[in-house]
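The structure under discussion appears below in the form of structure tokens.
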Amino acid sequence: MNDSNLCKALFNLSQNSIESVQTGNGFSEIDNYLHTERPISSELLDRMIDIDQAGGGIILLVGSSGDGKSHLLSKVKSLGGNGWSSDSFYNDATASCSPNKTAIETLKEALMDFSDDNLYSTNKKKILAINLGKLNAFIDDTDIRKIYGEIAKAAAPLFDDNNSMPPLNTERVKIVEFSNKQVFELFPDNEGYDSLKSDFLSNILDKLVAPNSSSKKNPFYAAYEEDMANGINPRHPVFLNYQLLMIPEVRRSIVLTVIEAIIRFKLVITPREYLDFIYSILVPKELPTHYKERESFYESLLPTLLYSGESNAILEAISRLDPMKYSNTIHDNTLSLLFSSNRIHDGFLSEIPSGAVLPEELINRINKFYDNNGKDAERTTKFLFRFHHLLDYHSESESYISFMNLLKGIFKQNPDYMMEAYNLVSEAIPRHNGSYYQKPNLIPLNIQGGKYKLFAQIQMDPNEPKYIFSFDKPWEFYPRFQLCWTILGNKEVTLLMDYALFAYLFDLRNGKLAVTYENEKNIEFSHFLRELASLSDCAKKLTIAKVGSEDMILQKTMISVQLQ
């Protein structure tokens with residue numbers, strides 16, 4: 001069944017395809033069609049103009065493996081430019097040009113025109129595409145710092161743990177980084193899921209299913225039309241999956257699901273992996289040799305493949321968002337209805353805002369499975385449940401929804417949300433060590449017994465949170481913020497709040513009691529509490545809490561224990 005024209009066209013998206021290998025030397029036909037402009041492209045072109053005006057210099061294009069550096073270089077080279085010859089592009093800074101030299105030694109020689117001694121006298125121009133790890137190793141080398149001091153100083157802020165400072169660009173050293181450029185945009189003023197969009201992820205999906213026009217030919221849609229003309233089986237799984245992808249609500253759900261995985265699981269999306277992900281949810285693995293409609297129909301369709309958790313890193317993350325894994329009353333009622341029905345329930349799949357029509361062959365086949373004396377009731381129920389979710393995206397995680405609302409409030413500098421963040425930390429502090437005791441400015445000491453809990457007193461004055469976000473560039477930010485307190489009048493203590501920490505504190509505040517192994521997992525929060533304890537007056541004064549009794553305060557200067 002994999003001999004269809006559509007299957008062959010879609011294979012170009014796979015990591016096993018030659019199209020997935022980018023050398024930085026040029027674009028293929030598929031590359032040209034799928035190319036989607038990203039804000040980082042404009043930034044790189046602006047920095048090239050800066051170097052032109054300076055008379056020479058170097059641009060460091062910094063990111064992770066597979067994030068699109070080579071693709072971006074290919075695009076820039078295709079545009080041409082005054083003084084930017086092929087020698088101006090150094091695409092692979094991870095390898096050595098000689099078996100007797102390390103990559104660092106190779107870079108040291110290749111960049112000699114941009115050493116401190118030559119940087120302001122050379123008229124050479126260069127764009128160096130380099131991974132963060134290799135750049136860190138380069139500027140950490142003592143000899144390199146002596147020779148390339150300006151480059152090292154400019155790049156140093158990239159390795160600040162809190163990402164609180166931008167690179168220190170100079171007249172002849174410019175840095176363009178992928179790490180703070182999200183593949184999605186956040187609009188804090190918008191309500192609900194409308195605050196999250198991704199031009200990059202959405203445009204690629206839109207291009208895959210765009211009908212041919214007189215001005216532009218979509219090779220994927222052309223292959224789809226050829227298959228239709230050739231009389232392909234209308235129940236071919238790839239054919240059906242492509243038709244499902246044509247539905248705007250399905251594409252929107254895919255994008256919002258990927259964004260949720262990015263924020264919740266710190267998933268790093270590269271263009272290469274995203275294309276392979278699309279291939280994986282359209283073309284089932286068993287298609288070439290093992291596909292049988294009776295046994296594999298549901299398992300080969302997009303709603304199932306999306307949550308399959310196969311080898312693709314994106315799929316592995318999204319499998320954790322499978323709505324089948326979240327239990328609540330609404331889910332239970334829906335599953336009961338689907339399981340006990342003898343056909344698709346009226347109205348269950350028909351309300352699509354865009355007016356898109358579901359594939360008729362898909363609906364007919366599902367109803368025939370229903371007619372099979374209940375033998376396929378479980379498989380049919382699971383498929384329809386996921387399909388319904390795909391047509392109407394919503395997160396099943398209350399903590400994710402709350403975190404996004406908090407993040408938007410912080411970015412809008414809303415004082416109510418700022419106080420909410422500080423109150424969350426304050427309420428969760430005693431519970432981290434297994435206590436439901438809750439009073440402000442008390443820090444649990446790691447000496448907690450079955451009956452008694454020991455706390456130190458400390459005055460914590462919250463300051464305005466720190467973050468990186470600009471309404472003018474809704475793609476250039478980190479989905480986190482830093483809380484800051486002043487202690488002892490001048491000492492600043494900070495805590496970086498991302499989704500993982502928020503979800504942990506959110507659960508504690510809602511009644512979850514932490515156990516030892518969870519304390520150990522939240523190393524950053526444990527370190528935060530130890531720092532607070534070290535700044536407290538616990539050597540002179542302790543609060544002792546006992547269940548069912550009043551608090552006791554033990555002071556060093558007192559002979560007896562006083563009741564509070």
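Note on naming: chains are A, B, ... as they come in the structure tokens, residues start from 1 per chain, ligands start from 1 in the order shown.
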Fewer than 5 positions away in the same chain doesn't count, so skip those; otherwise give me all residues within 10 Å of range 98-112 of chain A, counting only C-alpha atoms, as a list of chain:residue names.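 Listing them by chain and then by number gives A:Ile58, A:Tyr90, A:Asp92, A:Ala93, A:Asp117, A:Asn118, A:Leu119, A:Lys126, A:Leu128, A:Lys134, A:Leu135, A:Ala137, A:Phe138, A:Ile139, A:Asp141, A:Asp143, A:Ile144, A:Ile147, A:Tyr148.
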Residues within 8 Å of Lys408 in chain A, only C-alpha atoms, excluding chain neighbours under 2 positions, as an mmCIF file with C-alpha atoms, in the first residue's frame:
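Output file result.cif follows:
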```cif
data_model
loop_
_atom_site.group_PDB
_atom_site.id
_atom_site.type_symbol
_atom_site.label_atom_id
_atom_site.label_comp_id
_atom_site.auth_asym_id
_atom_site.auth_seq_id
_atom_site.Cartn_x
_atom_site.Cartn_y
_atom_site.Cartn_z
ATOM 1 C CA PHE A 187 -0.033 36.917 23.228
ATOM 2 C CA PRO A 188 -0.766 37.701 26.907
ATOM 3 C CA ASP A 189 -3.701 39.989 26.072
ATOM 4 C CA MET A 404 -0.163 29.845 31.383
ATOM 5 C CA ASN A 405 -2.582 32.281 33.031
ATOM 6 C CA LEU A 406 0.067 33.121 35.631
ATOM 7 C CA ILE A 410 3.486 38.197 35.015
ATOM 8 C CA PHE A 411 4.374 39.329 31.482
ATOM 9 C CA LYS A 412 1.591 41.927 31.705
#
```
Neighbour list for range 388-398 of chain A as a compact mmCIF listing (two decimals) with N, CA, C and O atoms, in the first residue's frame, cut-off 10 Å, only C-alpha atoms, skip fewer than 2 positions in-chain:
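Written output follows (selection13.txt):
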```
# COMPACT_ATOMS: atom_id res chain seq x y z
N GLY A 192 -7.68 32.54 26.87
CA GLY A 192 -7.66 31.10 26.62
C GLY A 192 -6.57 30.66 25.68
O GLY A 192 -5.45 31.18 25.68
N TYR A 193 -6.92 29.69 24.84
CA TYR A 193 -5.92 29.11 23.92
C TYR A 193 -5.61 30.04 22.76
O TYR A 193 -4.65 29.80 22.01
N LEU A 244 -7.77 14.18 6.86
CA LEU A 244 -7.98 14.69 8.22
C LEU A 244 -7.12 15.93 8.47
O LEU A 244 -7.55 16.87 9.13
N ILE A 247 -8.43 19.41 7.69
CA ILE A 247 -9.40 20.06 8.58
C ILE A 247 -8.67 21.08 9.45
O ILE A 247 -7.74 20.72 10.19
N PRO A 248 -9.03 22.37 9.40
CA PRO A 248 -8.31 23.40 10.17
C PRO A 248 -8.25 23.10 11.66
O PRO A 248 -7.23 23.36 12.31
N GLU A 249 -9.33 22.56 12.23
CA GLU A 249 -9.35 22.26 13.66
C GLU A 249 -8.31 21.20 14.02
O GLU A 249 -7.73 21.23 15.12
N VAL A 250 -8.10 20.24 13.13
CA VAL A 250 -7.09 19.20 13.39
C VAL A 250 -5.70 19.82 13.39
O VAL A 250 -4.89 19.54 14.28
N ARG A 251 -5.42 20.67 12.42
CA ARG A 251 -4.10 21.31 12.36
C ARG A 251 -3.88 22.19 13.59
O ARG A 251 -2.79 22.20 14.17
N ARG A 252 -4.91 22.93 14.00
CA ARG A 252 -4.79 23.78 15.19
C ARG A 252 -4.52 22.93 16.43
O ARG A 252 -3.67 23.29 17.26
N SER A 253 -5.21 21.81 16.57
CA SER A 253 -5.01 20.95 17.74
C SER A 253 -3.60 20.37 17.76
O SER A 253 -2.98 20.27 18.84
N ILE A 254 -3.09 19.98 16.61
CA ILE A 254 -1.73 19.45 16.54
C ILE A 254 -0.73 20.50 17.02
O ILE A 254 0.15 20.22 17.85
N VAL A 255 -0.88 21.73 16.54
CA VAL A 255 0.05 22.80 16.91
C VAL A 255 -0.05 23.11 18.40
O VAL A 255 0.97 23.22 19.10
N LEU A 256 -1.25 23.23 18.94
CA LEU A 256 -1.42 23.54 20.36
C LEU A 256 -0.93 22.40 21.24
O LEU A 256 -0.41 22.63 22.34
N THR A 257 -1.08 21.18 20.76
CA THR A 257 -0.57 20.02 21.51
C THR A 257 0.95 20.03 21.56
O THR A 257 1.56 19.77 22.61
N GLU A 260 2.02 22.69 24.02
CA GLU A 260 1.85 22.22 25.40
C GLU A 260 3.00 21.31 25.81
O GLU A 260 3.52 21.40 26.93
N ARG A 264 5.44 22.04 28.96
CA ARG A 264 5.34 21.14 30.11
C ARG A 264 6.54 20.23 30.26
O ARG A 264 6.97 19.93 31.38
N LEU A 302 -4.50 9.05 12.04
CA LEU A 302 -3.85 10.18 12.69
C LEU A 302 -4.19 10.33 14.18
O LEU A 302 -3.28 10.52 15.01
N PRO A 303 -5.46 10.24 14.60
CA PRO A 303 -5.77 10.42 16.02
C PRO A 303 -5.06 9.41 16.93
O PRO A 303 -4.79 9.71 18.09
N LEU A 306 -0.90 10.07 16.64
CA LEU A 306 -0.45 11.26 17.35
C LEU A 306 -0.06 10.95 18.78
O LEU A 306 0.87 11.56 19.32
N LEU A 321 0.35 13.31 26.79
CA LEU A 321 -0.83 14.17 26.76
C LEU A 321 -2.06 13.44 26.22
O LEU A 321 -3.10 14.05 25.99
N ASP A 322 -1.92 12.15 26.02
CA ASP A 322 -3.03 11.33 25.51
C ASP A 322 -4.25 11.51 26.41
O ASP A 322 -4.19 11.23 27.62
N PRO A 323 -5.39 12.00 25.88
CA PRO A 323 -6.56 12.22 26.72
C PRO A 323 -7.07 10.94 27.38
O PRO A 323 -7.75 11.00 28.40
N MET A 324 -6.70 9.78 26.82
CA MET A 324 -7.10 8.52 27.44
C MET A 324 -6.43 8.31 28.80
O MET A 324 -6.89 7.49 29.60
N LYS A 325 -5.36 9.05 29.07
CA LYS A 325 -4.63 8.88 30.33
C LYS A 325 -5.13 9.80 31.45
O LYS A 325 -4.58 9.78 32.54
N TYR A 326 -6.15 10.60 31.15
CA TYR A 326 -6.67 11.54 32.13
C TYR A 326 -8.09 11.14 32.51
O TYR A 326 -8.97 11.08 31.65
N SER A 327 -8.29 10.85 33.76
CA SER A 327 -9.60 10.39 34.22
C SER A 327 -10.35 11.50 34.94
O SER A 327 -9.80 12.18 35.80
N ASN A 328 -11.59 11.70 34.55
CA ASN A 328 -12.50 12.61 35.26
C ASN A 328 -13.92 12.21 34.91
O ASN A 328 -14.15 11.33 34.07
N PHE A 348 -21.76 13.85 17.74
CA PHE A 348 -20.49 13.68 18.44
C PHE A 348 -19.31 14.23 17.65
O PHE A 348 -18.37 14.78 18.20
N LEU A 349 -19.33 14.09 16.31
CA LEU A 349 -18.22 14.54 15.47
C LEU A 349 -18.65 15.59 14.45
O LEU A 349 -17.83 16.02 13.64
N SER A 350 -19.87 16.02 14.48
CA SER A 350 -20.36 16.84 13.37
C SER A 350 -20.19 18.34 13.58
O SER A 350 -20.30 19.10 12.63
N GLU A 351 -19.97 18.78 14.81
CA GLU A 351 -19.91 20.21 15.09
C GLU A 351 -18.49 20.74 14.88
O GLU A 351 -17.71 20.85 15.81
N ILE A 352 -18.16 21.08 13.65
CA ILE A 352 -16.84 21.60 13.31
C ILE A 352 -17.00 23.05 12.87
O ILE A 352 -17.63 23.34 11.85
N PRO A 353 -16.48 24.01 13.65
CA PRO A 353 -16.69 25.43 13.37
C PRO A 353 -16.32 25.86 11.96
O PRO A 353 -16.96 26.72 11.37
N PHE A 383 -10.53 5.21 19.71
CA PHE A 383 -10.27 6.03 18.53
C PHE A 383 -11.17 7.25 18.51
O PHE A 383 -10.72 8.37 18.29
N LEU A 384 -12.47 7.05 18.71
CA LEU A 384 -13.41 8.16 18.66
C LEU A 384 -13.15 9.18 19.77
O LEU A 384 -13.30 10.39 19.56
N PHE A 385 -12.76 8.69 20.93
CA PHE A 385 -12.48 9.59 22.05
C PHE A 385 -11.30 10.51 21.71
O PHE A 385 -11.36 11.73 21.93
N ARG A 386 -10.24 9.93 21.13
CA ARG A 386 -9.09 10.74 20.73
C ARG A 386 -9.44 11.65 19.55
O ARG A 386 -8.98 12.80 19.49
N TYR A 400 -1.33 23.15 33.97
CA TYR A 400 -0.84 23.81 32.76
C TYR A 400 -1.66 25.06 32.46
O TYR A 400 -1.11 26.13 32.15
N ILE A 401 -2.99 24.94 32.56
CA ILE A 401 -3.86 26.10 32.31
C ILE A 401 -3.56 27.21 33.31
O ILE A 401 -3.45 28.39 32.95
N SER A 402 -3.36 26.84 34.58
CA SER A 402 -3.08 27.84 35.62
C SER A 402 -1.71 28.49 35.40
O SER A 402 -1.56 29.70 35.58
N PHE A 403 -0.74 27.69 34.98
CA PHE A 403 0.59 28.24 34.75
C PHE A 403 0.58 29.24 33.61
O PHE A 403 1.20 30.31 33.70
N ALA A 503 4.07 23.19 38.67
CA ALA A 503 3.17 22.05 38.79
C ALA A 503 3.36 21.35 40.13
O ALA A 503 2.39 20.92 40.77
N PHE A 506 1.93 23.69 42.77
CA PHE A 506 0.48 23.71 42.57
C PHE A 506 -0.17 22.50 43.22
O PHE A 506 -1.20 22.61 43.91
```
List the neighbours of Lys491 in chain A out to 12 Å using only C-alpha atoms; skip same-chain residues closer than 2 positions along the sequence, and give me the result as an MDAnalysis selection string. chainID A and resid 459:463 484:489 493:494 531:532 534:536
With N, CA, C and O atoms retained, export the selected residues as a PDB file, in the first residue's frame.
```pdb
ATOM      1  N   GLN A 459      12.135  36.922  57.645  1.00  0.00           N
ATOM      2  CA  GLN A 459      11.319  37.952  56.996  1.00  0.00           C
ATOM      3  C   GLN A 459      11.686  38.014  55.519  1.00  0.00           C
ATOM      4  O   GLN A 459      12.813  38.325  55.155  1.00  0.00           O
ATOM      5  N   MET A 460      10.700  37.715  54.650  1.00  0.00           N
ATOM      6  CA  MET A 460      10.928  37.687  53.204  1.00  0.00           C
ATOM      7  C   MET A 460      10.094  38.782  52.551  1.00  0.00           C
ATOM      8  O   MET A 460       8.865  38.747  52.590  1.00  0.00           O
ATOM      9  N   ASP A 461      10.758  39.742  51.933  1.00  0.00           N
ATOM     10  CA  ASP A 461      10.069  40.845  51.268  1.00  0.00           C
ATOM     11  C   ASP A 461      10.131  40.639  49.757  1.00  0.00           C
ATOM     12  O   ASP A 461      11.217  40.721  49.161  1.00  0.00           O
ATOM     13  N   PRO A 462       8.988  40.351  49.118  1.00  0.00           N
ATOM     14  CA  PRO A 462       9.002  40.071  47.671  1.00  0.00           C
ATOM     15  C   PRO A 462       9.293  41.311  46.836  1.00  0.00           C
ATOM     16  O   PRO A 462       8.861  42.414  47.163  1.00  0.00           O
ATOM     17  N   ASN A 463      10.043  41.110  45.769  1.00  0.00           N
ATOM     18  CA  ASN A 463      10.330  42.163  44.791  1.00  0.00           C
ATOM     19  C   ASN A 463       9.642  41.814  43.474  1.00  0.00           C
ATOM     20  O   ASN A 463       9.103  40.717  43.305  1.00  0.00           O
ATOM     21  N   CYS A 484      11.990  37.031  43.227  1.00  0.00           N
ATOM     22  CA  CYS A 484      13.088  37.614  43.998  1.00  0.00           C
ATOM     23  C   CYS A 484      12.570  38.115  45.352  1.00  0.00           C
ATOM     24  O   CYS A 484      11.504  38.737  45.420  1.00  0.00           O
ATOM     25  N   TRP A 485      13.316  37.841  46.401  1.00  0.00           N
ATOM     26  CA  TRP A 485      12.998  38.331  47.735  1.00  0.00           C
ATOM     27  C   TRP A 485      14.204  39.069  48.316  1.00  0.00           C
ATOM     28  O   TRP A 485      15.357  38.704  48.038  1.00  0.00           O
ATOM     29  N   THR A 486      13.946  40.063  49.114  1.00  0.00           N
ATOM     30  CA  THR A 486      14.997  40.716  49.889  1.00  0.00           C
ATOM     31  C   THR A 486      14.922  40.203  51.320  1.00  0.00           C
ATOM     32  O   THR A 486      13.854  40.201  51.939  1.00  0.00           O
ATOM     33  N   ILE A 487      16.054  39.753  51.834  1.00  0.00           N
ATOM     34  CA  ILE A 487      16.134  39.190  53.185  1.00  0.00           C
ATOM     35  C   ILE A 487      17.239  39.907  53.948  1.00  0.00           C
ATOM     36  O   ILE A 487      18.290  40.238  53.378  1.00  0.00           O
ATOM     37  N   LEU A 488      17.007  40.158  55.213  1.00  0.00           N
ATOM     38  CA  LEU A 488      17.974  40.853  56.074  1.00  0.00           C
ATOM     39  C   LEU A 488      18.297  42.251  55.548  1.00  0.00           C
ATOM     40  O   LEU A 488      19.400  42.761  55.756  1.00  0.00           O
ATOM     41  N   GLY A 489      17.348  42.825  54.822  1.00  0.00           N
ATOM     42  CA  GLY A 489      17.511  44.198  54.376  1.00  0.00           C
ATOM     43  C   GLY A 489      18.255  44.386  53.080  1.00  0.00           C
ATOM     44  O   GLY A 489      17.997  45.348  52.352  1.00  0.00           O
ATOM     45  N   VAL A 493      17.461  36.789  47.381  1.00  0.00           N
ATOM     46  CA  VAL A 493      17.323  35.355  47.135  1.00  0.00           C
ATOM     47  C   VAL A 493      16.360  35.180  45.967  1.00  0.00           C
ATOM     48  O   VAL A 493      15.328  35.854  45.902  1.00  0.00           O
ATOM     49  N   THR A 494      16.679  34.301  45.034  1.00  0.00           N
ATOM     50  CA  THR A 494      15.865  34.133  43.829  1.00  0.00           C
ATOM     51  C   THR A 494      15.411  32.688  43.665  1.00  0.00           C
ATOM     52  O   THR A 494      16.021  31.756  44.210  1.00  0.00           O
ATOM     53  N   GLU A 531      18.930  27.585  51.420  1.00  0.00           N
ATOM     54  CA  GLU A 531      19.485  28.928  51.446  1.00  0.00           C
ATOM     55  C   GLU A 531      18.702  29.819  52.407  1.00  0.00           C
ATOM     56  O   GLU A 531      19.285  30.608  53.165  1.00  0.00           O
ATOM     57  N   LEU A 532      17.378  29.685  52.408  1.00  0.00           N
ATOM     58  CA  LEU A 532      16.567  30.466  53.343  1.00  0.00           C
ATOM     59  C   LEU A 532      16.887  30.094  54.783  1.00  0.00           C
ATOM     60  O   LEU A 532      17.002  30.964  55.659  1.00  0.00           O
ATOM     61  N   SER A 534      19.653  28.981  55.948  1.00  0.00           N
ATOM     62  CA  SER A 534      20.983  29.489  56.323  1.00  0.00           C
ATOM     63  C   SER A 534      20.942  30.974  56.665  1.00  0.00           C
ATOM     64  O   SER A 534      21.810  31.473  57.385  1.00  0.00           O
ATOM     65  N   LEU A 535      19.947  31.681  56.129  1.00  0.00           N
ATOM     66  CA  LEU A 535      19.821  33.111  56.387  1.00  0.00           C
ATOM     67  C   LEU A 535      18.882  33.418  57.560  1.00  0.00           C
ATOM     68  O   LEU A 535      18.720  34.573  57.938  1.00  0.00           O
ATOM     69  N   SER A 536      18.263  32.388  58.104  1.00  0.00           N
ATOM     70  CA  SER A 536      17.308  32.590  59.192  1.00  0.00           C
ATOM     71  C   SER A 536      18.024  32.690  60.535  1.00  0.00           C
ATOM     72  O   SER A 536      19.255  32.524  60.620  1.00  0.00           O
TER      73      SER A 536
END
```
I'd like the neighbourhood of range 84-88 of chain A as an mmCIF file with N, CA, C and O atoms, in the first residue's frame, where a residue qualifies if any of its atoms comes within 8 Å (using only C-alpha atoms), though same-chain residues fewer than 4 positions away should be ignored.
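After the write, part_36.cif holds the following:
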```cif
data_model
loop_
_atom_site.group_PDB
_atom_site.id
_atom_site.type_symbol
_atom_site.label_atom_id
_atom_site.label_comp_id
_atom_site.auth_asym_id
_atom_site.auth_seq_id
_atom_site.Cartn_x
_atom_site.Cartn_y
_atom_site.Cartn_z
ATOM 1 N N LYS A 77 22.570 32.237 1.790
ATOM 2 C CA LYS A 77 23.492 32.122 0.657
ATOM 3 C C LYS A 77 22.758 32.259 -0.675
ATOM 4 O O LYS A 77 23.288 32.818 -1.636
ATOM 5 N N GLY A 80 22.409 35.804 -1.775
ATOM 6 C CA GLY A 80 23.605 36.525 -2.196
ATOM 7 C C GLY A 80 23.855 37.719 -1.301
ATOM 8 O O GLY A 80 23.132 37.986 -0.358
ATOM 9 N N LYS A 124 37.520 40.994 6.297
ATOM 10 C CA LYS A 124 36.852 39.708 6.074
ATOM 11 C C LYS A 124 35.516 39.675 6.833
ATOM 12 O O LYS A 124 35.354 40.316 7.873
ATOM 13 N N LYS A 125 34.589 38.874 6.296
ATOM 14 C CA LYS A 125 33.277 38.693 6.926
ATOM 15 C C LYS A 125 33.011 37.195 7.045
ATOM 16 O O LYS A 125 33.338 36.430 6.142
ATOM 17 N N LYS A 126 32.411 36.817 8.145
ATOM 18 C CA LYS A 126 32.141 35.383 8.313
ATOM 19 C C LYS A 126 30.921 35.179 9.199
ATOM 20 O O LYS A 126 30.690 35.924 10.160
ATOM 21 N N ILE A 127 30.136 34.159 8.829
ATOM 22 C CA ILE A 127 29.061 33.664 9.693
ATOM 23 C C ILE A 127 29.469 32.271 10.153
ATOM 24 O O ILE A 127 29.679 31.374 9.329
#
```
Could you give me, as a list in words, the residues within 6 Å of range 271-284 of chain A, counting only C-alpha atoms and dropping anything in the same chain fewer than 4 positions from it?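 Once the adjacent positions are removed, what remains is Leu13, Ser14, Gln15, Asp67, Val238, Asn241, Ser300, Leu302, Leu305 and Leu306 of chain A.
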Go ahead and save the picked residues with C-alpha atoms, as a short mmCIF file (atom, residue, chain, number, x, y, z; two decimals), in the first residue's frame.
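Okay, again.cif is ready:
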```cif
data_model
loop_
_atom_site.label_atom_id
_atom_site.label_comp_id
_atom_site.auth_asym_id
_atom_site.auth_seq_id
_atom_site.Cartn_x
_atom_site.Cartn_y
_atom_site.Cartn_z
CA LEU A 13 9.62 14.63 5.43
CA SER A 14 11.12 11.56 7.09
CA GLN A 15 14.48 11.62 8.84
CA ASP A 67 17.46 23.56 14.94
CA VAL A 238 -2.38 7.74 4.43
CA ASN A 241 -4.84 10.93 7.29
CA SER A 300 -2.97 3.56 11.39
CA LEU A 302 -3.85 10.18 12.69
CA LEU A 305 -0.63 7.84 15.66
CA LEU A 306 -0.45 11.26 17.35
#
```
Using only C-alpha atoms: which of A:Lys382, A:Lys75, A:Lys197, A:Arg38 has the shortest distance to Leu337 in chain A: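 Of A:Lys382, A:Lys75, A:Lys197, A:Arg38, the one nearest Leu337 in chain A, counting only C-alpha atoms, is A:Lys382.
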Select from range 425-549 of chain A everything DSSP, run on the backbone, classes as helix (DSSP H, G or I), then give the selection as a VMD selection string. chain A and resid 425 to 428 430 to 433 499 to 509 516 to 521 523 to 535
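CA of Gly347 in chain A is positioned 21.1 Å from CA of Thr304 in chain A.
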Could you pull out the strand (DSSP E or B) residues of range 415-534 of chain A from DSSP and send them as a PyMOL selection string? chain A and resi 442-444+452-457+461-462+466+470+473+476+481-487+491-497
Could you please take those selected residues and save C-alpha atoms as an mmCIF file, in the first residue's frame?
```
data_model
loop_
_atom_site.group_PDB
_atom_site.id
_atom_site.type_symbol
_atom_site.label_atom_id
_atom_site.label_comp_id
_atom_site.auth_asym_id
_atom_site.auth_seq_id
_atom_site.Cartn_x
_atom_site.Cartn_y
_atom_site.Cartn_z
ATOM 1 C CA LEU A 442 8.418 30.233 58.470
ATOM 2 C CA ILE A 443 10.936 27.895 56.870
ATOM 3 C CA PRO A 444 10.822 24.130 57.608
ATOM 4 C CA TYR A 452 6.844 17.613 65.943
ATOM 5 C CA LYS A 453 7.856 19.911 63.080
ATOM 6 C CA LEU A 454 10.644 22.471 63.431
ATOM 7 C CA PHE A 455 10.571 25.822 61.660
ATOM 8 C CA ALA A 456 12.898 28.814 61.432
ATOM 9 C CA GLN A 457 11.602 32.357 61.233
ATOM 10 C CA ASP A 461 10.069 40.845 51.268
ATOM 11 C CA PRO A 462 9.002 40.071 47.671
ATOM 12 C CA LYS A 466 12.295 39.223 36.479
ATOM 13 C CA SER A 470 8.555 41.807 24.734
ATOM 14 C CA LYS A 473 8.522 40.163 19.707
ATOM 15 C CA GLU A 476 11.480 35.919 21.786
ATOM 16 C CA PHE A 481 10.225 33.932 35.325
ATOM 17 C CA GLN A 482 12.419 34.595 38.331
ATOM 18 C CA LEU A 483 10.958 35.414 41.744
ATOM 19 C CA CYS A 484 13.088 37.614 43.998
ATOM 20 C CA TRP A 485 12.998 38.331 47.735
ATOM 21 C CA THR A 486 14.997 40.716 49.889
ATOM 22 C CA ILE A 487 16.134 39.190 53.185
ATOM 23 C CA LYS A 491 20.387 40.015 50.682
ATOM 24 C CA GLU A 492 18.569 38.916 47.487
ATOM 25 C CA VAL A 493 17.323 35.355 47.135
ATOM 26 C CA THR A 494 15.865 34.133 43.829
ATOM 27 C CA LEU A 495 13.824 31.199 42.565
ATOM 28 C CA LEU A 496 13.372 30.381 38.872
ATOM 29 C CA MET A 497 9.755 29.388 38.235
#
```
One-decimal distance in Å that lies between CA of Ile51 in chain A and CA of Gly68 in chain A: 22.0 Å
In terms of only C-alpha atoms, the residue from A:His432, A:Leu245, A:Asp371, A:Ile204 at minimal distance from Pro359 in chain A is A:Leu245
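Each of A:Lys153, A:His345, A:Lys266, A:Lys285 was checked against Ile314 in chain A using only C-alpha atoms; the smallest atom-to-atom distance is that of A:Lys266.
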